[in-house]
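Containing TSV, C-alpha atoms and all ligand atoms: final.tsv.
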```
chain	number	residue	atom	x	y	z
A	1	MET	CA	11.22	-16.90	31.58
A	2	ILE	CA	13.00	-18.00	28.41
A	3	VAL	CA	10.79	-19.44	25.68
A	4	ILE	CA	12.73	-21.50	23.15
A	5	LEU	CA	11.00	-21.85	19.79
A	6	LYS	CA	11.12	-24.88	17.52
A	7	PRO	CA	14.35	-24.68	15.48
A	8	SER	CA	14.39	-23.05	12.05
A	9	LEU	CA	10.79	-21.88	12.43
A	10	ASP	CA	9.51	-19.52	9.75
A	11	ARG	CA	8.81	-16.06	11.19
A	12	THR	CA	5.81	-15.63	8.89
A	13	SER	CA	4.17	-18.94	9.88
A	14	LEU	CA	0.83	-18.99	11.65
A	15	GLU	CA	2.34	-20.94	14.56
A	16	TYR	CA	4.91	-18.21	15.14
A	17	LEU	CA	2.47	-15.31	14.83
A	18	GLN	CA	-0.11	-16.91	17.15
A	19	THR	CA	2.54	-17.62	19.75
A	20	LEU	CA	3.95	-14.11	19.65
A	21	GLU	CA	0.48	-12.57	19.84
A	22	PHE	CA	-0.31	-14.59	22.96
A	23	LEU	CA	2.94	-13.63	24.68
A	24	GLN	CA	2.58	-9.95	23.83
A	25	GLN	CA	-0.77	-9.65	25.57
A	26	LEU	CA	0.57	-10.97	28.91
A	27	PRO	CA	0.09	-8.07	31.37
A	28	GLY	CA	3.20	-6.27	32.68
A	29	ILE	CA	5.62	-8.44	30.71
A	30	GLU	CA	8.32	-7.15	28.35
A	31	VAL	CA	8.76	-9.49	25.37
A	32	GLN	CA	12.13	-9.63	23.63
A	33	THR	CA	12.84	-11.84	20.65
A	34	ASN	CA	16.32	-12.90	19.70
A	35	THR	CA	17.41	-15.08	16.82
A	36	ILE	CA	20.85	-16.58	16.51
A	37	HIS	CA	22.27	-18.27	13.43
A	38	GLY	CA	24.32	-21.20	14.72
A	39	CYS	CA	26.32	-23.51	12.48
A	40	GLU	CA	23.53	-26.08	12.16
A	41	GLU	CA	20.24	-24.39	12.94
A	42	ILE	CA	18.55	-21.08	13.55
A	43	ILE	CA	17.49	-20.72	17.17
A	44	THR	CA	14.96	-18.16	18.36
A	45	GLU	CA	14.55	-17.42	22.04
A	46	ILE	CA	11.85	-15.16	23.42
A	47	TYR	CA	12.55	-13.56	26.77
A	48	LEU	CA	9.63	-12.73	29.03
A	49	LEU	CA	11.04	-10.08	31.32
A	50	GLY	CA	9.37	-8.71	34.45
A	51	LYS	CA	7.14	-10.40	37.01
A	52	THR	CA	6.74	-13.82	35.44
A	53	GLN	CA	6.02	-15.80	38.63
A	54	GLY	CA	2.32	-16.13	37.78
A	55	ILE	CA	2.89	-17.47	34.27
A	56	SER	CA	2.48	-21.22	33.89
A	57	LYS	CA	5.34	-23.00	32.12
A	58	GLU	CA	2.90	-25.66	30.90
A	59	ASN	CA	0.62	-23.07	29.26
A	60	ILE	CA	3.57	-21.53	27.45
A	61	GLU	CA	4.84	-24.92	26.31
A	62	ALA	CA	1.38	-25.67	24.88
A	63	LEU	CA	1.71	-22.77	22.40
A	64	PRO	CA	2.19	-24.00	18.80
A	65	ALA	CA	5.67	-22.61	18.10
A	66	VAL	CA	7.21	-23.43	21.46
A	67	LEU	CA	9.78	-26.17	21.98
A	68	ARG	CA	10.45	-25.51	25.66
A	69	ALA	CA	10.04	-22.87	28.37
A	70	ILE	CA	12.58	-22.32	31.11
A	71	LYS	CA	11.88	-20.48	34.36
A	72	ILE	CA	14.78	-18.18	35.16
A	73	SER	CA	16.19	-18.67	38.61
A	74	ARG	CA	19.39	-16.70	38.29
A	75	ASP	CA	20.32	-13.06	38.13
A	76	TYR	CA	21.70	-12.93	34.62
A	77	GLN	CA	18.38	-13.36	32.90
A	78	ILE	CA	19.56	-13.60	29.28
A	79	LEU	CA	23.25	-14.47	29.38
A	80	GLY	CA	22.99	-16.70	32.44
A	81	ARG	CA	23.09	-20.49	32.22
A	82	GLN	CA	19.98	-21.87	33.89
A	83	PRO	CA	20.28	-25.28	35.57
A	84	GLN	CA	18.26	-27.02	32.82
A	85	MET	CA	20.42	-25.64	30.00
A	86	ASN	CA	23.00	-27.88	28.39
A	87	LYS	CA	24.07	-25.63	25.59
A	88	GLY	CA	25.87	-22.31	25.62
A	89	PHE	CA	25.35	-19.63	22.99
A	90	GLU	CA	26.82	-20.39	19.63
A	91	PHE	CA	26.89	-17.87	16.83
A	92	GLU	CA	28.45	-17.41	13.47
A	93	TYR	CA	29.87	-14.09	12.38
A	94	ASN	CA	31.40	-13.53	8.96
A	95	GLY	CA	32.13	-17.24	8.59
A	96	VAL	CA	33.69	-17.71	12.05
A	97	ILE	CA	31.92	-19.75	14.75
A	98	PHE	CA	32.01	-18.56	18.35
A	99	SER	CA	30.89	-20.89	21.13
A	100	GLN	CA	31.78	-22.35	24.51
A	101	ASN	CA	33.18	-25.38	22.66
A	102	ASN	CA	35.81	-24.06	20.29
A	103	LEU	CA	38.83	-21.77	20.27
A	104	ASN	CA	39.52	-18.67	18.14
A	105	ILE	CA	42.81	-16.80	18.16
A	106	PHE	CA	42.89	-13.01	17.83
A	107	ALA	CA	46.57	-12.12	17.59
A	108	GLY	CA	47.38	-8.60	16.42
A	109	LEU	CA	48.37	-5.04	17.13
A	110	CYS	CA	47.32	-3.45	20.40
A	111	ALA	CA	47.08	-0.18	18.49
A	112	VAL	CA	47.30	0.58	14.78
A	113	ASP	CA	50.38	2.76	14.37
A	114	ASN	CA	51.08	2.77	10.64
A	115	GLU	CA	50.10	1.08	7.40
A	116	LYS	CA	53.36	-0.83	7.04
A	117	HIS	CA	52.94	-2.55	10.40
A	118	VAL	CA	49.32	-3.41	9.61
A	119	GLU	CA	50.44	-5.02	6.35
A	120	SER	CA	53.20	-7.07	8.02
A	121	MET	CA	50.86	-8.17	10.81
A	122	MET	CA	48.08	-9.26	8.45
A	123	LYS	CA	50.56	-11.09	6.22
A	124	ALA	CA	52.00	-12.99	9.20
A	125	LEU	CA	48.49	-14.00	10.28
A	126	TYR	CA	47.69	-15.23	6.79
A	127	GLU	CA	50.93	-17.22	6.58
A	128	ASN	CA	50.09	-18.88	9.88
A	129	GLY	CA	46.53	-19.76	8.92
A	130	LEU	CA	44.75	-17.29	11.22
A	131	VAL	CA	41.54	-15.49	10.23
A	132	CYS	CA	40.99	-13.18	13.21
A	133	THR	CA	43.01	-10.31	14.65
A	134	ARG	CA	42.97	-7.38	17.06
A	135	MET	CA	43.69	-3.82	15.89
A	136	GLY	CA	42.90	-0.80	18.06
A	137	ALA	CA	42.02	2.40	16.25
A	138	TYR	CA	40.46	4.19	19.24
A	139	LYS	CA	42.67	3.95	22.31
A	140	PRO	CA	41.42	5.22	25.66
A	141	ARG	CA	44.62	6.13	27.54
A	142	THR	CA	45.43	7.00	31.13
A	143	SER	CA	46.96	10.32	30.09
A	144	PRO	CA	45.35	12.77	27.66
A	145	TYR	CA	48.86	13.49	26.34
A	146	ALA	CA	49.50	9.88	25.32
A	147	PHE	CA	48.83	8.59	21.79
A	148	GLN	CA	45.05	8.22	21.46
A	149	GLY	CA	44.92	5.96	18.40
A	150	LEU	CA	44.67	6.91	14.74
A	151	GLY	CA	40.87	6.81	14.81
A	152	LYS	CA	38.82	6.65	11.64
A	153	SER	CA	41.72	7.71	9.41
A	154	CYS	CA	43.31	4.23	9.60
A	155	LEU	CA	40.11	2.24	9.06
A	156	PRO	CA	40.18	2.12	5.23
A	157	TYR	CA	43.64	0.53	5.02
A	158	VAL	CA	43.04	-1.73	8.02
A	159	PHE	CA	39.88	-3.13	6.42
A	160	GLU	CA	41.35	-3.38	2.93
A	161	LYS	CA	44.44	-5.23	4.13
A	162	ALA	CA	42.30	-7.54	6.23
A	163	GLY	CA	40.38	-8.41	3.07
A	164	LYS	CA	43.59	-8.88	1.12
A	165	TYR	CA	44.87	-11.46	3.64
A	166	GLY	CA	41.58	-13.25	4.30
A	167	ILE	CA	41.04	-11.87	7.82
A	168	LYS	CA	37.39	-12.33	8.76
A	169	VAL	CA	37.06	-10.62	12.15
A	170	ILE	CA	38.95	-7.72	13.77
A	171	ALA	CA	38.46	-6.99	17.48
A	172	MET	CA	38.42	-3.21	17.87
A	173	GLU	CA	37.61	-1.15	20.96
A	174	VAL	CA	34.95	1.55	20.77
A	175	THR	CA	34.16	4.13	23.41
A	176	HIS	CA	31.40	6.09	21.70
A	177	GLN	CA	28.46	5.58	19.33
A	178	ARG	CA	30.36	7.70	16.78
A	179	HIS	CA	33.04	5.00	16.55
A	180	ILE	CA	30.46	2.34	15.69
A	181	ASP	CA	29.05	4.61	12.96
A	182	GLU	CA	32.54	5.26	11.57
A	183	ILE	CA	33.36	1.53	11.49
A	184	TYR	CA	30.04	0.71	9.83
A	185	HIS	CA	30.45	3.49	7.27
A	186	CYS	CA	34.03	2.54	6.41
A	187	LEU	CA	33.19	-1.16	6.06
A	188	THR	CA	30.39	-0.25	3.67
A	189	MET	CA	32.58	2.16	1.68
A	190	THR	CA	35.31	-0.47	1.29
A	191	GLY	CA	32.82	-3.20	0.25
A	192	ASN	CA	32.80	-5.15	3.56
A	193	PRO	CA	36.18	-6.86	3.03
A	194	THR	CA	36.20	-8.05	6.68
A	195	GLY	CA	34.14	-8.00	9.88
A	196	VAL	CA	34.53	-6.24	13.23
A	197	MET	CA	33.94	-7.39	16.79
A	198	LEU	CA	33.28	-4.32	18.94
A	199	GLN	CA	35.34	-4.33	22.11
A	200	ILE	CA	34.22	-2.78	25.40
A	201	GLY	CA	37.42	-1.95	27.27
A	202	THR	CA	37.87	-2.62	30.97
A	203	ARG	CA	37.65	1.11	31.73
A	204	ASN	CA	34.17	1.21	30.22
A	205	ALA	CA	32.90	-2.02	31.76
A	206	GLN	CA	30.25	-0.09	33.69
A	207	ASN	CA	29.60	2.67	31.17
A	208	PHE	CA	25.95	1.69	30.98
A	209	GLU	CA	25.02	4.16	28.23
A	210	LEU	CA	27.79	2.81	26.01
A	211	LEU	CA	26.71	-0.76	26.81
A	212	ARG	CA	23.13	0.09	25.81
A	213	GLU	CA	24.32	1.66	22.55
A	214	VAL	CA	26.61	-1.20	21.62
A	215	GLY	CA	23.94	-3.71	22.69
A	216	SER	CA	21.18	-2.12	20.66
A	217	GLN	CA	22.91	-2.88	17.35
A	218	GLN	CA	22.95	-6.40	15.95
A	219	THR	CA	25.44	-5.91	13.11
A	220	PHE	CA	28.56	-6.55	15.17
A	221	PRO	CA	29.25	-9.08	17.94
A	222	VAL	CA	30.74	-7.71	21.15
A	223	LEU	CA	33.82	-8.54	23.20
A	224	PHE	CA	33.15	-7.42	26.76
A	225	LYS	CA	36.23	-7.01	28.96
A	226	ARG	CA	35.63	-7.47	32.66
A	227	GLY	CA	36.07	-4.40	34.80
A	228	TYR	CA	39.51	-4.38	36.42
A	229	GLY	CA	38.27	-2.95	39.72
A	230	ILE	CA	34.87	-4.56	40.21
A	231	THR	CA	33.66	-8.01	41.18
A	232	LEU	CA	33.03	-10.77	38.66
A	233	ASN	CA	29.33	-10.61	39.53
A	234	GLU	CA	29.25	-6.87	38.73
A	235	SER	CA	31.03	-7.50	35.43
A	236	ILE	CA	28.55	-10.20	34.36
A	237	HIS	CA	25.67	-7.88	35.26
A	238	ALA	CA	27.30	-5.20	33.10
A	239	ALA	CA	27.58	-7.65	30.18
A	240	GLU	CA	23.88	-8.40	30.65
A	241	TYR	CA	23.18	-4.76	29.65
A	242	LEU	CA	24.39	-5.66	26.14
A	243	ALA	CA	22.01	-8.62	25.92
A	244	HIS	CA	19.13	-6.73	27.50
A	245	ALA	CA	19.56	-4.02	24.85
A	246	GLY	CA	19.22	-6.72	22.17
A	247	ASN	CA	22.63	-8.20	21.36
A	248	ARG	CA	23.30	-11.73	22.59
A	249	LYS	CA	26.46	-12.20	20.56
A	250	VAL	CA	28.64	-11.38	23.52
A	251	ILE	CA	32.00	-12.85	24.47
A	252	PHE	CA	33.25	-12.32	28.01
A	253	CYS	CA	36.95	-11.48	28.30
A	254	LEU	CA	39.14	-12.05	31.35
A	255	ARG	CA	42.09	-9.63	31.36
A	256	GLY	CA	43.29	-9.58	34.95
A	257	VAL	CA	42.29	-7.31	37.81
A	258	LYS	CA	44.17	-4.38	39.29
A	259	SER	CA	46.07	-5.35	42.39
A	260	LEU	CA	49.52	-4.61	43.71
A	261	PHE	CA	49.61	-8.27	44.72
A	262	GLY	CA	49.81	-9.13	41.02
A	263	ALA	CA	53.28	-7.57	40.73
A	264	PRO	CA	55.58	-8.06	38.91
A	265	HIS	CA	52.71	-8.69	36.49
A	266	ARG	CA	50.69	-5.70	35.31
A	267	ASN	CA	47.49	-7.19	36.75
A	268	MET	CA	46.50	-10.15	38.89
A	269	VAL	CA	45.77	-12.88	36.35
A	270	ASP	CA	42.20	-14.14	36.74
A	271	PHE	CA	42.05	-17.09	34.35
A	272	ALA	CA	40.86	-19.34	37.18
A	273	HIS	CA	37.51	-17.72	36.33
A	274	VAL	CA	37.31	-19.37	32.87
A	275	PRO	CA	35.30	-22.34	34.23
A	276	VAL	CA	33.26	-20.02	36.44
A	277	ILE	CA	32.02	-18.04	33.42
A	278	HIS	CA	31.22	-21.30	31.62
A	279	ARG	CA	29.22	-22.47	34.60
A	280	LEU	CA	27.35	-19.24	35.33
A	281	THR	CA	26.71	-18.02	31.79
A	282	ARG	CA	26.27	-19.16	28.21
A	283	MET	CA	28.94	-16.82	26.85
A	284	PRO	CA	32.13	-17.97	25.13
A	285	VAL	CA	35.11	-16.94	27.27
A	286	CYS	CA	38.12	-14.99	26.03
A	287	ILE	CA	41.44	-14.60	27.81
A	288	ASP	CA	43.81	-11.68	27.27
A	289	PRO	CA	47.23	-12.82	28.50
A	290	SER	CA	48.93	-9.63	27.25
A	291	HIS	CA	47.03	-7.10	29.36
A	292	SER	CA	46.99	-9.50	32.33
A	293	VAL	CA	50.73	-10.07	32.47
A	294	GLY	CA	52.02	-6.94	30.74
A	295	ILE	CA	55.66	-8.05	30.44
A	296	LEU	CA	57.61	-10.49	28.28
A	297	GLU	CA	59.80	-12.01	31.03
A	298	ARG	CA	60.67	-15.67	30.53
A	299	THR	CA	61.18	-18.61	32.86
A	300	PRO	CA	64.53	-20.44	32.68
A	301	ASP	CA	63.02	-22.92	30.21
A	302	GLY	CA	62.53	-20.10	27.70
A	303	LEU	CA	58.74	-19.79	27.95
A	304	SER	CA	57.41	-16.32	28.69
A	305	ASP	CA	54.90	-15.70	31.49
A	306	ILE	CA	52.41	-14.73	28.75
A	307	TYR	CA	52.71	-18.22	27.23
A	308	HIS	CA	52.31	-19.82	30.65
A	309	VAL	CA	49.10	-17.98	31.63
A	310	CYS	CA	47.74	-18.48	28.14
A	311	ALA	CA	48.20	-22.23	28.49
A	312	GLN	CA	46.54	-22.06	31.92
A	313	GLY	CA	43.43	-20.42	30.44
A	314	ILE	CA	43.27	-22.78	27.47
A	315	ILE	CA	43.70	-25.93	29.53
A	316	SER	CA	40.59	-24.78	31.41
A	317	GLY	CA	38.59	-24.39	28.20
A	318	ALA	CA	38.98	-20.75	27.11
A	319	ASN	CA	37.29	-20.08	23.74
A	320	MET	CA	39.19	-17.07	22.48
A	321	ILE	CA	42.61	-15.53	22.93
A	322	LEU	CA	43.22	-11.81	22.49
A	323	VAL	CA	46.95	-11.28	22.34
A	324	ASP	CA	49.31	-8.44	21.41
A	325	PHE	CA	51.84	-9.07	18.62
A	326	HIS	CA	53.90	-6.55	16.67
A	327	PRO	CA	56.27	-6.75	13.67
A	328	ASN	CA	58.80	-4.75	15.68
A	329	PRO	CA	57.78	-4.59	19.37
A	330	SER	CA	60.34	-1.92	20.27
A	331	LEU	CA	58.55	0.44	17.86
A	332	ALA	CA	55.01	-0.26	19.17
A	333	VAL	CA	53.52	3.04	20.36
A	334	VAL	CA	51.18	1.41	22.90
A	335	ASP	CA	52.04	-1.40	25.33
A	336	SER	CA	55.38	-2.21	23.70
A	337	ARG	CA	56.52	-4.09	26.82
A	338	GLN	CA	53.96	-6.84	26.29
A	339	ALA	CA	53.96	-7.20	22.49
A	340	ILE	CA	55.32	-10.49	21.15
A	341	SER	CA	57.32	-10.36	17.92
A	342	ILE	CA	55.50	-11.79	14.89
A	343	HIS	CA	58.48	-14.10	14.33
A	344	GLU	CA	57.28	-16.02	17.39
A	345	LEU	CA	53.79	-16.58	15.99
A	346	PRO	CA	54.42	-20.21	14.85
A	347	TRP	CA	55.89	-21.06	18.29
A	348	PHE	CA	52.96	-19.42	20.09
A	349	LEU	CA	50.42	-21.30	17.98
A	350	GLU	CA	52.08	-24.67	18.54
A	351	ASP	CA	52.19	-23.99	22.26
A	352	ILE	CA	48.47	-23.17	22.25
A	353	ALA	CA	47.66	-26.32	20.29
A	354	ILE	CA	49.34	-28.43	23.01
A	355	ALA	CA	47.24	-26.79	25.73
A	356	ARG	CA	44.02	-27.13	23.73
A	357	GLU	CA	44.66	-30.80	23.08
A	358	ALA	CA	45.23	-31.31	26.80
A	359	PHE	CA	41.90	-29.58	27.52
A	360	GLU	CA	40.09	-31.81	25.05
A	361	LYS	CA	41.56	-34.90	26.69
A	362	ARG	CA	40.53	-33.60	30.12
A	363	ARG	CA	37.00	-32.99	28.86
A	364	ALA	CA	36.77	-36.52	27.42
A	365	LEU	CA	38.04	-37.89	30.72
A	366	ALA	CA	35.39	-35.95	32.66
A	367	CYS	CA	32.77	-37.32	30.30
A	368	ARG	CA	33.86	-40.84	31.11
A	369	PHE	CA	34.13	-40.44	34.85
A	370	ALA	CA	31.24	-38.08	35.48
A	371	GLU	CA	28.93	-40.63	33.81
A	372	LYS	CA	27.17	-37.89	31.92
A	373	LYS	CA	25.17	-38.49	28.82
A	374	ALA	CA	27.33	-37.81	25.75
A	375	VAL	CA	25.00	-35.04	24.63
A	376	GLU	CA	25.58	-33.16	27.87
A	377	CYS	CA	29.31	-33.52	27.54
A	378	ILE	CA	29.56	-31.95	24.11
A	379	ALA	CA	26.86	-29.32	24.61
A	401	LIG	C1	43.10	-3.46	24.80
A	401	LIG	O1	42.75	-4.64	24.67
A	401	LIG	O2	43.67	-2.82	23.94
A	401	LIG	C2	42.87	-2.78	26.10
A	401	LIG	C3	43.03	-1.48	26.24
A	401	LIG	O3	42.49	-3.64	27.05
A	401	LIG	P1	41.81	-3.33	28.47
A	401	LIG	O4	40.55	-2.56	28.19
A	401	LIG	O5	41.55	-4.71	29.00
A	401	LIG	O6	42.82	-2.57	29.28
A	402	MN	MN	46.92	-2.48	25.12
```
Would you mind writing the structure in this file as structure tokens?
Ligand code: PEP
Ligand code: MN
Amino acid sequence: MIVILKPSLDRTSLEYLQTLEFLQQLPGIEVQTNTIHGCEEIITEIYLLGKTQGISKENIEALPAVLRAIKISRDYQILGRQPQMNKGFEFEYNGVIFSQNNLNIFAGLCAVDNEKHVESMMKALYENGLVCTRMGAYKPRTSPYAFQGLGKSCLPYVFEKAGKYGIKVIAMEVTHQRHIDEIYHCLTMTGNPTGVMLQIGTRNAQNFELLREVGSQQTFPVLFKRGYGITLNESIHAAEYLAHAGNRKVIFCLRGVKSLFGAPHRNMVDFAHVPVIHRLTRMPVCIDPSHSVGILERTPDGLSDIYHVCAQGIISGANMILVDFHPNPSLAVVDSRQAISIHELPWFLEDIAIAREAFEKRRALACRFAEKKAVECIA
């Protein structure tokens, strides 16, 4: 059962303490509290996990701090969207809002290779009005002989340059608790010039220990990439590990699935699942057109396949784009075949804006024809 408290309730108030005390004495029930700072209000949800069948919704709703109680009827107990829920999760991190209603662009280096490229990338982002990026410092690779990322040695200049160019959030993959500690330590040492979104790579989608570790910290939000060889249902269950461990600030990323039928693309593009994730869960949805497609081939009209699939995801309502750019793609040490040159950034952004506008028109149209209440349409 999910117990939603009255918005912006003081945690030291008698109403709150009495409510919590009552819930904590329910036999055989695990109580988890989670507070999210949205752009307008602070929302606290209390999860009653375990055998909740015998608990009366009316009794819970009669408690002084409770706005509403929702019986969970789906598998994904925390991240799932229950039938009575209009709203998805919305959270703010370092000044950037993440939700099922907006769109954030994370263009950047697949892997940090040197300081000069980091500087050029950050500068290009700044000049194009972007405040988020991707920069891999820890790179899990197929071969142990391949470049493994610069690790913690590059963090100080990555964070400092992000601060210099007003970058608020960097998506960065981690594969071990040590990486989270190193990121935290380096951000502190450099005076928190930026923020980090911890990325769970597709290869670690079912690394449950890592998911528990990343989920048990609340400092950083998490970008969870679906597993490339498991079902969507299994991937959502894996993301639920993050929330169950305590972190609800989770974004679900589609990045294609492994299949020879996807050729000549690197993976079979799965952006048809954008609306499915919106329907089944409350998570914002990210698309990664670079790792899905893997090549920069263009159609006769001059648009690359990466642009095309990106538009397909956005026109269905994707909330975040994770995309590989590089100041000089031929020099990129990881995934050079899919990196777009930073000179194309203005073109890419205009192309995205067209697709987003089309999505917004489609959403308004659905609102009109589906005869839904306006509040349901924007939630
Ligand atoms: C990445 O985004 O750098 C990456 C390695 O992606 P994936 O885990 O989806 O392969
Ligand atoms: Mn890559």
- Message: Please return as an MDAnalysis selection string the residues found within 9 Å of ligand LIG 401 (chain A), counting only C-alpha atoms and all ligand atoms.
- Response: chainID A and resid 109:111 134:136 139:141 171:173 199:205 224:228 253:256 288 290:292 322:324 334:335
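Here CA of Glu360 (chain A) is placed at a distance of 13.0 Å from CA of Gly313 (chain A).
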- For CA of Tyr126 (chain A) and CA of Lys168 (chain A), determine how far apart the two atoms are, in Å to one decimal place.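 It comes out at 10.9 Å.
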- Item | Shell of 8 Å around Glu160 (chain A), only C-alpha atoms, local chain residues under 5 positions omitted, as a list in words |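 Here the answer would be Thr190, Pro193 and Thr194 of chain A.
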- Identify which of the residues A:Pro64, A:Gly229, A:Pro221, A:Gly149 lies closest to Asn247 (chain A), counting all atoms listed in the file when measuring atom-to-atom distances.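 Of A:Pro64, A:Gly229, A:Pro221, A:Gly149, the one nearest Asn247 (chain A) is A:Pro221, counting all atoms listed in the file.
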Which residues are near Ile342 (chain A)? Cut-off 8 Å, only C-alpha atoms, ignore same chain within fewer than 2 positions. Put them as a PDB file with C-alpha atoms, in the frame of the given file.
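Produced file result-v9.pdb, reproduced below:
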```pdb
ATOM      1  CA  MET A 121      50.860  -8.170  10.810  1.00  0.00           C
ATOM      2  CA  ALA A 124      52.000 -12.990   9.200  1.00  0.00           C
ATOM      3  CA  PHE A 325      51.840  -9.070  18.620  1.00  0.00           C
ATOM      4  CA  HIS A 326      53.900  -6.550  16.670  1.00  0.00           C
ATOM      5  CA  PRO A 327      56.270  -6.750  13.670  1.00  0.00           C
ATOM      6  CA  ASN A 328      58.800  -4.750  15.680  1.00  0.00           C
ATOM      7  CA  ILE A 340      55.320 -10.490  21.150  1.00  0.00           C
ATOM      8  CA  GLU A 344      57.280 -16.020  17.390  1.00  0.00           C
ATOM      9  CA  LEU A 345      53.790 -16.580  15.990  1.00  0.00           C
TER      10      LEU A 345
END
```
Edge lengths and centre in Å to one decimal, as JSON, of the axis-aligned box that encloses all listed atoms of region 20-28 of chain A with 6 Å added on every side?
```
{"center_x": 1.6, "center_y": -10.4, "center_z": 26.2, "size_x": 16.7, "size_y": 20.3, "size_z": 25.0}
```
Env of Leu14 (chain A): 9 Å cut, atoms = all atoms listed in the file, seq-sep filter 4 positions within chain, self excluded. Answer as a PDB file with C-alpha atoms, keeping the file's coordinate frame.
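Produced file out29.pdb, reproduced below:
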```pdb
ATOM      1  CA  ASP A  10       9.510 -19.520   9.750  1.00  0.00           C
ATOM      2  CA  GLN A  18      -0.110 -16.910  17.150  1.00  0.00           C
ATOM      3  CA  THR A  19       2.540 -17.620  19.750  1.00  0.00           C
ATOM      4  CA  PRO A  64       2.190 -24.000  18.800  1.00  0.00           C
ATOM      5  CA  ALA A  65       5.670 -22.610  18.100  1.00  0.00           C
TER       6      ALA A  65
END
```
- Query: What does the distance between CA of Gln82 (chain A) and CA of Ile314 (chain A) come to in Å, to one decimal place?
  - Reply: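 Result for CA of Gln82 (chain A) versus CA of Ile314 (chain A): 24.2 Å, one decimal.
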- Task: May I ask which of the residues A:Pro7, A:Pro144, A:Gly302, A:Gly108 is the closest one to ligand MN 402 (chain A), counting all atoms listed in the file?
- Result: A:Gly108
- Do you know which residues are at most 12 Å from region 100-103 of chain A counting all atoms listed in the file, after dropping those on the same chain fewer than 3 positions away, and could you put them as a ChimeraX atom specification? /A:81,86-91,96-97,106,130,132,250-252,274-275,277-279,281-287,313-322,349,352-353,355-357,359-360,363,377-379
- Query: Which neighbours of Leu48 (chain A) fall inside 12 Å, counting only C-alpha atoms, when residues of the same chain fewer than 3 positions from it are skipped, and could you give them as number ranges by chain?
  - Reply: A: 1-4, 20, 22-34, 45, 51-55, 57, 60, 69-72, 77-78, 244
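For the choices A:Ile306, A:Met189, A:Ala107, A:Val131, the atom-to-atom distance to Tyr165 (chain A) is smallest for A:Val131 when using all atoms listed in the file.
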- Task: Choose the residue, out of A:Lys152, A:His237, A:Arg266, A:Lys161, that has the smallest atom-to-atom separation from Lys116 (chain A); count only C-alpha atoms.
- Result: A:Lys161
- Could you tell me which of A:Ile167, A:Ile230, A:Ile36, A:Ala146 comes closest to Gly95 (chain A) if we count all atoms listed in the file?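 For Gly95 (chain A), the nearest of the candidates is A:Ile167.
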Take region 19-30 of chain A from the block and save it with N, CA and C atoms, as a PDB file, in the first residue's frame.
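To be explicit, this is the file written out as decode_2.pdb:
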```
ATOM      1  N   THR A  19       0.980   9.555  12.981  1.00  0.00           N
ATOM      2  CA  THR A  19       0.709   8.700  11.813  1.00  0.00           C
ATOM      3  C   THR A  19       1.799   7.643  11.669  1.00  0.00           C
ATOM      4  N   LEU A  20       3.039   8.100  11.744  1.00  0.00           N
ATOM      5  CA  LEU A  20       4.166   7.174  11.579  1.00  0.00           C
ATOM      6  C   LEU A  20       4.158   6.105  12.671  1.00  0.00           C
ATOM      7  N   GLU A  21       3.866   6.542  13.893  1.00  0.00           N
ATOM      8  CA  GLU A  21       3.853   5.600  15.023  1.00  0.00           C
ATOM      9  C   GLU A  21       2.808   4.507  14.784  1.00  0.00           C
ATOM     10  N   PHE A  22       1.639   4.908  14.292  1.00  0.00           N
ATOM     11  CA  PHE A  22       0.582   3.934  14.028  1.00  0.00           C
ATOM     12  C   PHE A  22       1.031   2.927  12.960  1.00  0.00           C
ATOM     13  N   LEU A  23       1.618   3.441  11.890  1.00  0.00           N
ATOM     14  CA  LEU A  23       2.011   2.562  10.782  1.00  0.00           C
ATOM     15  C   LEU A  23       3.113   1.600  11.207  1.00  0.00           C
ATOM     16  N   GLN A  24       4.021   2.096  12.054  1.00  0.00           N
ATOM     17  CA  GLN A  24       5.172   1.266  12.438  1.00  0.00           C
ATOM     18  C   GLN A  24       4.794   0.101  13.348  1.00  0.00           C
ATOM     19  N   GLN A  25       3.618   0.198  13.996  1.00  0.00           N
ATOM     20  CA  GLN A  25       3.257  -0.922  14.863  1.00  0.00           C
ATOM     21  C   GLN A  25       2.396  -1.964  14.128  1.00  0.00           C
ATOM     22  N   LEU A  26       2.150  -1.768  12.837  1.00  0.00           N
ATOM     23  CA  LEU A  26       1.373  -2.769  12.088  1.00  0.00           C
ATOM     24  C   LEU A  26       2.201  -4.054  11.991  1.00  0.00           C
ATOM     25  N   PRO A  27       1.650  -5.203  12.383  1.00  0.00           N
ATOM     26  CA  PRO A  27       2.460  -6.427  12.434  1.00  0.00           C
ATOM     27  C   PRO A  27       2.886  -6.927  11.043  1.00  0.00           C
ATOM     28  N   GLY A  28       4.151  -7.299  10.922  1.00  0.00           N
ATOM     29  CA  GLY A  28       4.675  -7.919   9.693  1.00  0.00           C
ATOM     30  C   GLY A  28       4.769  -6.971   8.509  1.00  0.00           C
ATOM     31  N   ILE A  29       4.751  -5.678   8.757  1.00  0.00           N
ATOM     32  CA  ILE A  29       4.781  -4.715   7.648  1.00  0.00           C
ATOM     33  C   ILE A  29       6.073  -3.895   7.714  1.00  0.00           C
ATOM     34  N   GLU A  30       6.749  -3.808   6.554  1.00  0.00           N
ATOM     35  CA  GLU A  30       7.951  -2.960   6.471  1.00  0.00           C
ATOM     36  C   GLU A  30       7.487  -1.560   6.060  1.00  0.00           C
TER      37      GLU A  30
END
```
